[in-house]
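For reference, coords-v9.txt (compact mmCIF, C-alpha atoms):
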```txt
# COMPACT_ATOMS: atom_id res chain seq x y z
CA MET A 1 -10.28 -13.27 -9.31
CA THR A 2 -13.36 -12.53 -11.37
CA PRO A 3 -13.82 -9.24 -13.24
CA ARG A 4 -16.98 -8.58 -11.23
CA THR A 5 -15.09 -8.67 -7.93
CA ALA A 6 -12.39 -6.39 -9.28
CA TRP A 7 -14.96 -3.92 -10.58
CA ILE A 8 -16.76 -3.90 -7.23
CA ALA A 9 -13.47 -3.15 -5.50
CA ALA A 10 -12.70 -0.33 -7.93
CA LEU A 11 -16.21 1.09 -7.53
CA LEU A 12 -15.96 1.14 -3.73
CA LEU A 13 -12.65 2.97 -3.91
CA ALA A 14 -13.99 5.47 -6.45
CA VAL A 15 -17.06 6.20 -4.33
CA PHE A 16 -14.94 6.90 -1.27
CA ILE A 17 -12.61 9.26 -3.14
CA ALA A 18 -15.53 11.06 -4.81
CA VAL A 19 -17.41 11.60 -1.56
CA TYR A 20 -14.40 13.09 0.17
CA ALA A 21 -12.79 15.02 -2.70
CA VAL A 22 -15.78 16.19 -4.73
CA VAL A 23 -18.21 17.14 -1.96
CA PRO A 24 -16.55 19.90 0.13
CA THR A 25 -19.44 20.06 2.62
CA VAL A 26 -18.83 16.43 3.56
CA SER A 27 -15.11 16.97 4.16
CA GLU A 28 -15.80 20.07 6.28
CA ILE A 29 -18.27 18.17 8.46
CA LEU A 30 -15.83 15.28 8.83
CA ASN A 31 -13.02 17.66 9.78
CA ARG A 32 -15.13 19.18 12.56
CA GLY A 33 -15.75 15.68 13.88
CA LEU A 34 -12.08 15.36 14.87
CA ALA A 35 -12.49 17.89 17.70
CA ILE A 36 -12.34 16.48 21.24
CA SER A 37 -15.68 16.75 23.05
CA LEU A 38 -15.70 14.87 26.35
CA ASP A 39 -19.37 15.59 27.04
CA VAL A 40 -20.38 13.18 24.23
CA ARG A 41 -17.66 10.56 24.75
CA LEU A 42 -18.62 6.96 23.90
CA SER A 43 -21.98 8.06 22.51
CA PRO A 44 -23.81 5.39 20.50
CA PRO A 45 -24.61 5.90 16.79
CA SER A 46 -27.11 8.68 16.20
CA HIS A 47 -28.19 11.17 13.51
CA ASN A 48 -25.38 13.52 14.66
CA HIS A 49 -22.75 10.77 14.86
CA TRP A 50 -23.57 7.97 12.44
CA LEU A 51 -20.94 5.63 13.90
CA GLY A 52 -20.98 7.07 17.42
CA THR A 53 -18.05 8.72 19.21
CA ASP A 54 -14.84 7.43 20.75
CA GLN A 55 -13.41 7.76 24.26
CA LEU A 56 -12.51 11.42 23.60
CA GLY A 57 -15.83 12.36 22.02
CA ARG A 58 -14.46 12.43 18.48
CA ASP A 59 -16.77 11.35 15.68
CA SER A 60 -15.91 7.77 14.71
CA LEU A 61 -16.89 8.30 11.07
CA SER A 62 -14.53 11.27 10.79
CA MET A 63 -11.76 9.30 12.48
CA VAL A 64 -12.08 6.35 10.12
CA VAL A 65 -12.22 8.57 7.00
CA PHE A 66 -9.16 10.61 7.95
CA GLY A 67 -7.45 7.42 9.09
CA CYS A 68 -7.94 6.18 5.55
CA LEU A 69 -6.16 9.25 4.21
CA SER A 70 -3.21 8.55 6.53
CA SER A 71 -3.05 4.91 5.49
CA LEU A 72 -3.30 5.70 1.78
CA SER A 73 -0.64 8.40 2.09
CA VAL A 74 1.80 5.98 3.71
CA ALA A 75 0.96 3.14 1.31
CA LEU A 76 1.34 5.33 -1.79
CA MET A 77 4.62 6.76 -0.51
CA ALA A 78 5.93 3.26 0.16
CA VAL A 79 4.91 2.09 -3.32
CA ILE A 80 6.57 5.11 -4.96
CA ILE A 81 9.80 4.38 -3.08
CA GLY A 82 9.68 0.68 -3.84
CA ALA A 83 8.71 0.99 -7.50
CA SER A 84 11.04 3.88 -8.38
CA ILE A 85 14.05 1.91 -7.08
CA GLY A 86 12.96 -1.69 -7.45
CA LEU A 87 11.73 -1.51 -11.06
CA PRO A 88 15.03 -0.23 -12.52
CA LEU A 89 16.99 -2.71 -10.39
CA GLY A 90 14.83 -5.58 -11.61
CA LEU A 91 15.26 -4.56 -15.24
CA LEU A 92 19.00 -4.15 -14.76
CA ALA A 93 19.37 -7.55 -13.11
CA SER A 94 17.34 -9.24 -15.87
CA ALA A 95 19.41 -7.74 -18.70
CA ARG A 96 22.43 -9.99 -18.30
CA THR A 97 24.05 -12.56 -16.04
CA SER A 98 26.86 -10.52 -14.56
CA ILE A 99 28.35 -9.49 -11.25
CA MET A 100 25.94 -6.54 -11.16
CA SER A 101 22.92 -8.84 -11.46
CA THR A 102 24.28 -11.12 -8.74
CA VAL A 103 24.89 -8.18 -6.41
CA ILE A 104 21.36 -6.84 -6.96
CA LEU A 105 19.74 -10.22 -6.30
CA ARG A 106 21.85 -10.91 -3.18
CA LEU A 107 21.07 -7.43 -1.86
CA ASN A 108 17.38 -8.18 -2.31
CA ASP A 109 17.80 -11.42 -0.37
CA PHE A 110 19.56 -9.53 2.43
CA ILE A 111 16.73 -7.00 2.75
CA PHE A 112 14.15 -9.80 2.74
CA ALA A 113 16.06 -11.65 5.47
CA PHE A 114 16.37 -8.61 7.74
CA PRO A 115 13.44 -8.32 10.20
CA ALA A 116 11.04 -5.64 8.97
CA LEU A 117 9.95 -4.59 12.46
CA VAL A 118 13.55 -4.12 13.60
CA THR A 119 14.19 -1.88 10.60
CA ALA A 120 11.03 0.11 11.31
CA ILE A 121 12.10 0.60 14.93
CA LEU A 122 15.55 1.73 13.79
CA ILE A 123 14.09 4.27 11.36
CA HIS A 124 11.68 5.41 14.07
CA THR A 125 14.61 5.92 16.46
CA LEU A 126 16.60 7.91 13.91
CA PHE A 127 13.84 10.05 12.40
CA GLY A 128 10.91 9.83 14.82
CA SER A 129 7.32 8.88 14.04
CA GLY A 130 5.13 10.23 11.27
CA ILE A 131 3.79 9.57 7.81
CA LEU A 132 7.20 10.10 6.18
CA THR A 133 8.92 7.68 8.55
CA ALA A 134 6.25 5.00 8.13
CA GLY A 135 6.35 5.39 4.34
CA LEU A 136 10.14 5.08 4.32
CA ALA A 137 10.12 2.00 6.53
CA ILE A 138 7.53 0.19 4.40
CA GLY A 139 8.98 1.46 1.12
CA LEU A 140 12.39 0.01 1.95
CA PHE A 141 10.93 -3.48 1.97
CA ASN A 142 8.95 -2.80 -1.20
CA ILE A 143 12.19 -2.40 -3.15
CA PRO A 144 13.12 -6.11 -3.29
CA VAL A 145 9.48 -7.04 -3.92
CA PHE A 146 9.36 -4.95 -7.09
CA ALA A 147 12.89 -5.91 -8.11
CA ARG A 148 12.18 -9.64 -7.81
CA THR A 149 8.80 -9.36 -9.52
CA ILE A 150 10.16 -7.43 -12.51
CA TYR A 151 13.23 -9.65 -12.70
CA GLY A 152 11.08 -12.77 -12.88
CA ALA A 153 8.80 -11.24 -15.51
CA ALA A 154 11.55 -9.68 -17.62
CA ARG A 155 14.23 -12.36 -17.58
CA PRO A 156 12.51 -14.70 -20.12
CA ILE A 157 11.93 -11.79 -22.50
CA TRP A 158 15.66 -11.25 -22.98
CA THR A 159 15.92 -14.67 -24.66
CA LYS A 160 13.39 -13.81 -27.38
CA ASP A 161 14.34 -13.44 -31.02
CA PHE A 162 13.25 -9.78 -31.26
CA ILE A 163 15.68 -8.93 -28.44
CA ARG A 164 18.50 -10.60 -30.37
CA ALA A 165 17.44 -8.65 -33.45
CA ALA A 166 17.51 -5.41 -31.48
CA ARG A 167 21.06 -6.18 -30.30
CA LEU A 168 22.14 -6.96 -33.85
CA ALA A 169 20.71 -3.58 -34.83
CA GLY A 170 23.18 -1.96 -32.45
CA LYS A 171 20.82 -1.12 -29.58
CA GLY A 172 22.24 -1.18 -26.07
CA ASN A 173 20.73 -2.92 -23.05
CA LEU A 174 19.31 0.31 -21.65
CA THR A 175 17.52 1.15 -24.91
CA ILE A 176 16.20 -2.40 -25.25
CA ALA A 177 15.02 -2.45 -21.64
CA MET A 178 13.12 0.82 -21.97
CA SER A 179 11.67 0.35 -25.47
CA HIS A 180 11.05 -3.41 -25.65
CA VAL A 181 11.12 -5.05 -22.21
CA LEU A 182 9.46 -2.44 -19.99
CA PRO A 183 6.22 -2.23 -22.05
CA LEU A 184 5.85 -6.01 -21.82
CA VAL A 185 6.21 -6.09 -18.02
CA ALA A 186 4.21 -2.90 -17.35
CA SER A 187 1.03 -4.85 -16.60
CA VAL A 188 2.91 -7.01 -14.11
CA ALA A 189 4.29 -3.89 -12.44
CA LEU A 190 0.82 -2.33 -12.29
CA ALA A 191 -0.59 -5.45 -10.65
CA GLN A 192 2.20 -5.45 -8.10
CA ILE A 193 1.65 -1.75 -7.37
CA SER A 194 -2.03 -2.37 -6.60
CA THR A 195 -1.22 -5.33 -4.37
CA GLN A 196 1.51 -3.46 -2.49
CA ILE A 197 -0.83 -0.53 -1.79
CA GLY A 198 -3.17 -2.94 -0.02
CA LEU A 199 -0.32 -4.54 1.90
CA GLY A 200 1.06 -1.07 2.69
CA ILE A 201 -2.24 -0.12 4.33
CA LEU A 202 -2.02 -3.25 6.47
CA ALA A 203 1.62 -2.56 7.34
CA GLU A 204 0.88 1.05 8.30
CA ALA A 205 -1.89 -0.13 10.60
CA GLY A 206 0.54 -2.53 12.24
CA LEU A 207 3.19 0.15 12.77
CA SER A 208 0.67 2.61 14.18
CA TYR A 209 -0.75 -0.09 16.44
CA VAL A 210 2.64 -0.56 18.13
CA GLY A 211 3.22 3.20 18.30
CA ILE A 212 5.84 3.77 15.59
CA GLY A 213 3.59 4.88 12.74
CA VAL A 214 1.46 7.98 12.26
CA THR A 215 1.66 10.33 15.26
CA PRO A 216 -1.30 11.87 17.13
CA PRO A 217 -3.45 13.83 16.62
CA THR A 218 -3.48 12.55 13.02
CA PRO A 219 -6.03 9.69 12.93
CA SER A 220 -4.76 6.22 12.12
CA TRP A 221 -6.61 2.92 11.86
CA GLY A 222 -3.86 1.08 13.71
CA ARG A 223 -3.86 3.49 16.62
CA MET A 224 -7.68 3.41 16.71
CA LEU A 225 -7.42 -0.35 17.22
CA ASN A 226 -4.78 0.13 19.91
CA GLU A 227 -6.93 2.62 21.80
CA ALA A 228 -10.05 0.49 21.44
CA GLN A 229 -8.58 -2.68 22.94
CA THR A 230 -9.11 -1.46 26.51
CA LEU A 231 -12.74 -0.57 25.69
CA ILE A 232 -13.62 -3.74 23.83
CA ALA A 233 -16.05 -4.87 26.56
CA ILE A 234 -18.09 -1.65 26.70
CA ALA A 235 -17.74 -0.32 23.14
CA PRO A 236 -16.72 -3.12 20.73
CA ARG A 237 -17.68 -0.95 17.74
CA LEU A 238 -14.54 1.17 18.35
CA ALA A 239 -12.43 -1.84 17.38
CA LEU A 240 -14.87 -3.17 14.78
CA ILE A 241 -15.01 0.04 12.73
CA PRO A 242 -11.27 0.42 11.94
CA GLY A 243 -10.90 -3.35 11.66
CA VAL A 244 -13.57 -3.55 8.97
CA ALA A 245 -12.07 -0.49 7.22
CA ILE A 246 -8.63 -2.11 7.08
CA ALA A 247 -10.05 -5.40 5.79
CA LEU A 248 -12.19 -3.63 3.18
CA PHE A 249 -9.41 -1.52 1.71
CA VAL A 250 -6.87 -4.35 1.73
CA PHE A 251 -9.48 -6.45 -0.08
CA MET A 252 -10.08 -3.71 -2.65
CA PHE A 253 -6.44 -3.22 -3.61
CA THR A 254 -5.39 -6.86 -3.46
CA SER A 255 -8.45 -7.81 -5.54
CA LEU A 256 -7.47 -5.28 -8.18
CA GLY A 257 -3.89 -6.52 -8.07
CA ASP A 258 -5.00 -10.15 -8.41
CA TYR A 259 -7.24 -9.31 -11.36
CA LEU A 260 -4.48 -7.37 -13.09
CA SER A 261 -2.15 -10.32 -12.50
CA ASP A 262 -4.68 -12.56 -14.23
CA LEU A 263 -4.74 -10.20 -17.20
CA ALA A 264 -0.94 -10.07 -17.32
CA ASP A 265 -0.54 -13.88 -17.21
CA PRO A 266 -2.16 -15.67 -20.19
CA LYS A 267 -2.01 -19.03 -18.40
CA ARG A 268 -3.94 -17.74 -15.38
CA ARG A 269 -6.33 -15.78 -17.60
CA ASP A 270 -7.16 -18.75 -19.80
CA GLY A 271 -7.45 -21.09 -16.82
```
Show me the file's structure as structure tokens.
Amino acid sequence: MTPRTAWIAALLLAVFIAVYAVVPTVSEILNRGLAISLDVRLSPPSHNHWLGTDQLGRDSLSMVVFGCLSSLSVALMAVIIGASIGLPLGLLASARTSIMSTVILRLNDFIFAFPALVTAILIHTLFGSGILTAGLAIGLFNIPVFARTIYGAARPIWTKDFIRAARLAGKGNLTIAMSHVLPLVASVALAQISTQIGLGILAEAGLSYVGIGVTPPTPSWGRMLNEAQTLIAIAPRLALIPGVAIALFVFMFTSLGDYLSDLADPKRRDG
């Protein structure tokens, strides 16, 4: 991943956030576009509706922007859950070869082996649909991702001479992990966070597409795709718009994650 591609991805994300958050007039106009107006349903793009309207007369641009907010909310929540639990578990497992490390790694394998969709359906059955439920379902499977990533990055560090020196100085594993190991794997964690945000957006779209993600009337890219599939012959733009949005944002975050991974790995950076 070249720096130019990563910077383009970061710039696109910054422009989107600035337009929505910094310009209140824009957000107010977009919010009004969510109102149902059957008299303008399936209208083509015009100066009043830059991307046209959907089958309920809602402004497609407003729908895709607020769908982005839903997707980002779920993805960020999932990353927070996964990182806050997975990072400490990965550090703990890397500290020593013990029963605790074995249990952590086997638990990760169990979560990986369990079907993600079945877990999402179970959580949906217990707690219902919504942003919190979708974030919890995706975040649960982020835990072993972060744990395995940090374990793989941190394990070789514990064999270094400065770690042995720290132990001879009387420092415990927790102190060494926080003061010596964590700073060295922080870039790896940051790269994984960026990548998982992109994958979280894709996962949220999938859950909403099958009806167990964000609930109406909150816009969601996945549900926009679901609703557009019956109108693909007469209004293909209704499927194209959220599809391009999903691809663009997944590209942005995975590109940033890939670039950060290159920076964190000297072999990849030099190659």
CA of Leu105 (chain A) to CA of Leu190 (chain A), distance in Å rounded to a single decimal:
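Those two atoms sit 21.4 Å apart.
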In Å, how far is it from CA of Arg155 (chain A) to CA of His180 (chain A)?
12.5 Å
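Minimum atom-to-atom distances from A:Met100, A:Ile8, A:Leu69, A:Val79 to Phe251 (chain A) were compared using all atoms listed in the file, and the lowest value belongs to A:Ile8.
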Using Å and a single decimal, report how far CA of Ser37 (chain A) sits from CA of Thr53 (chain A).
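Spanning CA of Thr53 (chain A) to CA of Ser37 (chain A) is a straight-line distance of 9.2 Å.
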Taking all atoms listed in the file into account, which of A:Ser101, A:Ser220, A:Thr175, A:Ser208 comes nearest Ser60 (chain A)?
A:Ser220
Between A:Gly52, A:Pro216, A:Pro45, A:Gly33, which is the closest to Ile131 (chain A) once you count all atoms listed in the file?
A:Pro216
Residues within 12 Å of Ser43 (chain A), only C-alpha atoms, excluding chain neighbours under 5 positions, as a VMD selection string
chain A and resid 37 to 38 48 to 60 234 to 235 237 to 238
Option closest in space to Arg167 (chain A), from A:Arg41, A:Asp109, A:Ala95, A:Val145 [counting all atoms listed in the file]
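Among A:Arg41, A:Asp109, A:Ala95, A:Val145, it is A:Ala95 that comes nearest to Arg167 (chain A).
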Using only C-alpha atoms, which of the listed residues (A:Phe249, A:Phe66, A:Tyr151, A:Phe146) sits closest to Leu11 (chain A)?
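With only C-alpha atoms as the atom set, the closest residue is A:Phe249.
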Edge lengths and centre, in Å to one decimal, as JSON: that's what I need for the box along x, y and z that holds all listed atoms of region 224-238 of chain A plus 4 Å on each side.
```
{"center_x": -11.4, "center_y": -0.7, "center_z": 21.7, "size_x": 21.3, "size_y": 16.3, "size_z": 18.0}
```
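In this comparison, which uses all atoms listed in the file, the residue of A:Val103, A:Ile111, A:Leu136, A:Met63 approaching Ile36 (chain A) most closely is A:Met63.
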Excluding Gly198 (chain A) and residues on its chain fewer than 5 positions from it, collect all residues at most 7 Å away from it, counting only C-alpha atoms, and give them as a list in words.
Phe249, Val250, Phe253 and Thr254 of chain A
Within 7 Å of (-4.2, -1.7, 7.8) (file coordinates; all atoms listed in the file), which protein or nucleic acid residues are there? I'd like them as a PyMOL selection string.
chain A and resi 201-206+221-222+246
Please list as a PyMOL selection string every residue within 10 Å of Ile81 (chain A), counting all atoms listed in the file and excluding residues in the same chain fewer than 4 positions away.
chain A and resi 75-77+85-86+135-143
Can you list, as a list in words, every protein, DNA or RNA residue that comes within 7 Å of Gly130 (chain A) when you count all atoms listed in the file, leaving out same-chain residues fewer than 5 positions away?
Gly213, Val214 and Thr215 of chain A
For Gln192 (chain A), please output as a ChimeraX atom specification all residues within 12 Å (counting all atoms listed in the file; exclusion window: fewer than 4 positions along the same chain).
/A:79-80,82-83,86-87,142-150,153,185-188,196-200,253-262,264
How would the residues just picked look written out with C-alpha atoms as a PDB file, in the frame of the given file?
```pdb
ATOM      1  CA  VAL A  79       4.910   2.090  -3.320  1.00  0.00           C
ATOM      2  CA  ILE A  80       6.570   5.110  -4.960  1.00  0.00           C
ATOM      3  CA  GLY A  82       9.680   0.680  -3.840  1.00  0.00           C
ATOM      4  CA  ALA A  83       8.710   0.990  -7.500  1.00  0.00           C
ATOM      5  CA  GLY A  86      12.960  -1.690  -7.450  1.00  0.00           C
ATOM      6  CA  LEU A  87      11.730  -1.510 -11.060  1.00  0.00           C
ATOM      7  CA  ASN A 142       8.950  -2.800  -1.200  1.00  0.00           C
ATOM      8  CA  ILE A 143      12.190  -2.400  -3.150  1.00  0.00           C
ATOM      9  CA  PRO A 144      13.120  -6.110  -3.290  1.00  0.00           C
ATOM     10  CA  VAL A 145       9.480  -7.040  -3.920  1.00  0.00           C
ATOM     11  CA  PHE A 146       9.360  -4.950  -7.090  1.00  0.00           C
ATOM     12  CA  ALA A 147      12.890  -5.910  -8.110  1.00  0.00           C
ATOM     13  CA  ARG A 148      12.180  -9.640  -7.810  1.00  0.00           C
ATOM     14  CA  THR A 149       8.800  -9.360  -9.520  1.00  0.00           C
ATOM     15  CA  ILE A 150      10.160  -7.430 -12.510  1.00  0.00           C
ATOM     16  CA  ALA A 153       8.800 -11.240 -15.510  1.00  0.00           C
ATOM     17  CA  VAL A 185       6.210  -6.090 -18.020  1.00  0.00           C
ATOM     18  CA  ALA A 186       4.210  -2.900 -17.350  1.00  0.00           C
ATOM     19  CA  SER A 187       1.030  -4.850 -16.600  1.00  0.00           C
ATOM     20  CA  VAL A 188       2.910  -7.010 -14.110  1.00  0.00           C
ATOM     21  CA  GLN A 196       1.510  -3.460  -2.490  1.00  0.00           C
ATOM     22  CA  ILE A 197      -0.830  -0.530  -1.790  1.00  0.00           C
ATOM     23  CA  GLY A 198      -3.170  -2.940  -0.020  1.00  0.00           C
ATOM     24  CA  LEU A 199      -0.320  -4.540   1.900  1.00  0.00           C
ATOM     25  CA  GLY A 200       1.060  -1.070   2.690  1.00  0.00           C
ATOM     26  CA  PHE A 253      -6.440  -3.220  -3.610  1.00  0.00           C
ATOM     27  CA  THR A 254      -5.390  -6.860  -3.460  1.00  0.00           C
ATOM     28  CA  SER A 255      -8.450  -7.810  -5.540  1.00  0.00           C
ATOM     29  CA  LEU A 256      -7.470  -5.280  -8.180  1.00  0.00           C
ATOM     30  CA  GLY A 257      -3.890  -6.520  -8.070  1.00  0.00           C
ATOM     31  CA  ASP A 258      -5.000 -10.150  -8.410  1.00  0.00           C
ATOM     32  CA  TYR A 259      -7.240  -9.310 -11.360  1.00  0.00           C
ATOM     33  CA  LEU A 260      -4.480  -7.370 -13.090  1.00  0.00           C
ATOM     34  CA  SER A 261      -2.150 -10.320 -12.500  1.00  0.00           C
ATOM     35  CA  ASP A 262      -4.680 -12.560 -14.230  1.00  0.00           C
ATOM     36  CA  ALA A 264      -0.940 -10.070 -17.320  1.00  0.00           C
TER      37      ALA A 264
END
```
If I only want region 125-208 of chain A, can you write it with C-alpha atoms, as an mmCIF file, in the first residue's frame?
```cif
data_model
loop_
_atom_site.group_PDB
_atom_site.id
_atom_site.type_symbol
_atom_site.label_atom_id
_atom_site.label_comp_id
_atom_site.auth_asym_id
_atom_site.auth_seq_id
_atom_site.Cartn_x
_atom_site.Cartn_y
_atom_site.Cartn_z
ATOM 1 C CA THR A 125 -33.161 -13.097 19.504
ATOM 2 C CA LEU A 126 -32.094 -12.221 23.039
ATOM 3 C CA PHE A 127 -31.758 -8.446 22.745
ATOM 4 C CA GLY A 128 -33.574 -7.481 19.536
ATOM 5 C CA SER A 129 -32.237 -5.438 16.637
ATOM 6 C CA GLY A 130 -30.437 -2.112 16.795
ATOM 7 C CA ILE A 131 -27.060 -0.432 16.730
ATOM 8 C CA LEU A 132 -26.103 -1.790 20.169
ATOM 9 C CA THR A 133 -26.990 -5.359 19.215
ATOM 10 C CA ALA A 134 -25.123 -5.187 15.903
ATOM 11 C CA GLY A 135 -22.082 -3.664 17.608
ATOM 12 C CA LEU A 136 -22.095 -6.393 20.259
ATOM 13 C CA ALA A 137 -22.416 -9.185 17.701
ATOM 14 C CA ILE A 138 -19.538 -7.887 15.573
ATOM 15 C CA GLY A 139 -17.442 -6.871 18.577
ATOM 16 C CA LEU A 140 -17.584 -10.391 19.999
ATOM 17 C CA PHE A 141 -15.740 -11.712 16.960
ATOM 18 C CA ASN A 142 -13.273 -8.827 17.056
ATOM 19 C CA ILE A 143 -11.962 -10.042 20.420
ATOM 20 C CA PRO A 144 -9.996 -13.051 19.094
ATOM 21 C CA VAL A 145 -8.801 -11.006 16.114
ATOM 22 C CA PHE A 146 -7.136 -8.439 18.376
ATOM 23 C CA ALA A 147 -5.951 -11.074 20.841
ATOM 24 C CA ARG A 148 -4.264 -13.157 18.129
ATOM 25 C CA THR A 149 -2.769 -10.108 16.417
ATOM 26 C CA ILE A 150 -1.258 -8.702 19.611
ATOM 27 C CA TYR A 151 -0.118 -12.143 20.736
ATOM 28 C CA GLY A 152 1.734 -12.686 17.468
ATOM 29 C CA ALA A 153 3.333 -9.239 17.611
ATOM 30 C CA ALA A 154 4.208 -9.306 21.314
ATOM 31 C CA ARG A 155 5.410 -12.874 21.793
ATOM 32 C CA PRO A 156 8.864 -12.367 20.169
ATOM 33 C CA ILE A 157 9.452 -9.230 22.245
ATOM 34 C CA TRP A 158 9.398 -11.206 25.498
ATOM 35 C CA THR A 159 12.578 -13.033 24.418
ATOM 36 C CA LYS A 160 14.603 -9.818 24.028
ATOM 37 C CA ASP A 161 17.488 -8.931 26.303
ATOM 38 C CA PHE A 162 15.881 -5.720 27.617
ATOM 39 C CA ILE A 163 12.903 -7.779 28.845
ATOM 40 C CA ARG A 164 15.267 -10.076 30.731
ATOM 41 C CA ALA A 165 16.970 -7.009 32.174
ATOM 42 C CA ALA A 166 13.623 -5.618 33.294
ATOM 43 C CA ARG A 167 12.826 -8.907 35.059
ATOM 44 C CA LEU A 168 16.216 -8.894 36.757
ATOM 45 C CA ALA A 169 15.405 -5.383 37.940
ATOM 46 C CA GLY A 170 12.403 -6.806 39.782
ATOM 47 C CA LYS A 171 9.634 -5.694 37.423
ATOM 48 C CA GLY A 172 6.577 -7.909 37.131
ATOM 49 C CA ASN A 173 4.956 -9.100 33.915
ATOM 50 C CA LEU A 174 2.175 -6.529 34.133
ATOM 51 C CA THR A 175 4.629 -3.638 34.485
ATOM 52 C CA ILE A 176 6.803 -4.962 31.666
ATOM 53 C CA ALA A 177 3.785 -5.474 29.409
ATOM 54 C CA MET A 178 2.501 -1.942 29.935
ATOM 55 C CA SER A 179 5.809 -0.055 29.913
ATOM 56 C CA HIS A 180 7.918 -2.046 27.431
ATOM 57 C CA VAL A 181 5.800 -4.372 25.281
ATOM 58 C CA LEU A 182 2.646 -2.331 24.670
ATOM 59 C CA PRO A 183 4.467 0.692 23.151
ATOM 60 C CA LEU A 184 6.220 -1.627 20.687
ATOM 61 C CA VAL A 185 2.981 -3.243 19.489
ATOM 62 C CA ALA A 186 0.880 -0.056 19.529
ATOM 63 C CA SER A 187 1.391 0.530 15.806
ATOM 64 C CA VAL A 188 0.259 -3.018 15.063
ATOM 65 C CA ALA A 189 -2.832 -2.482 17.204
ATOM 66 C CA LEU A 190 -3.584 0.804 15.433
ATOM 67 C CA ALA A 191 -3.324 -0.871 12.038
ATOM 68 C CA GLN A 192 -5.660 -3.633 13.159
ATOM 69 C CA ILE A 193 -8.147 -1.099 14.528
ATOM 70 C CA SER A 194 -8.308 0.685 11.173
ATOM 71 C CA THR A 195 -8.746 -2.582 9.286
ATOM 72 C CA GLN A 196 -11.455 -3.843 11.655
ATOM 73 C CA ILE A 197 -13.429 -0.600 11.284
ATOM 74 C CA GLY A 198 -13.602 -1.237 7.540
ATOM 75 C CA LEU A 199 -14.576 -4.870 8.053
ATOM 76 C CA GLY A 200 -17.092 -3.788 10.707
ATOM 77 C CA ILE A 201 -18.821 -1.535 8.171
ATOM 78 C CA LEU A 202 -19.071 -4.487 5.799
ATOM 79 C CA ALA A 203 -20.352 -6.777 8.560
ATOM 80 C CA GLU A 204 -22.988 -4.253 9.655
ATOM 81 C CA ALA A 205 -24.222 -3.978 6.080
ATOM 82 C CA GLY A 206 -24.526 -7.756 5.940
ATOM 83 C CA LEU A 207 -26.477 -7.954 9.197
ATOM 84 C CA SER A 208 -28.822 -5.152 8.166
#
```
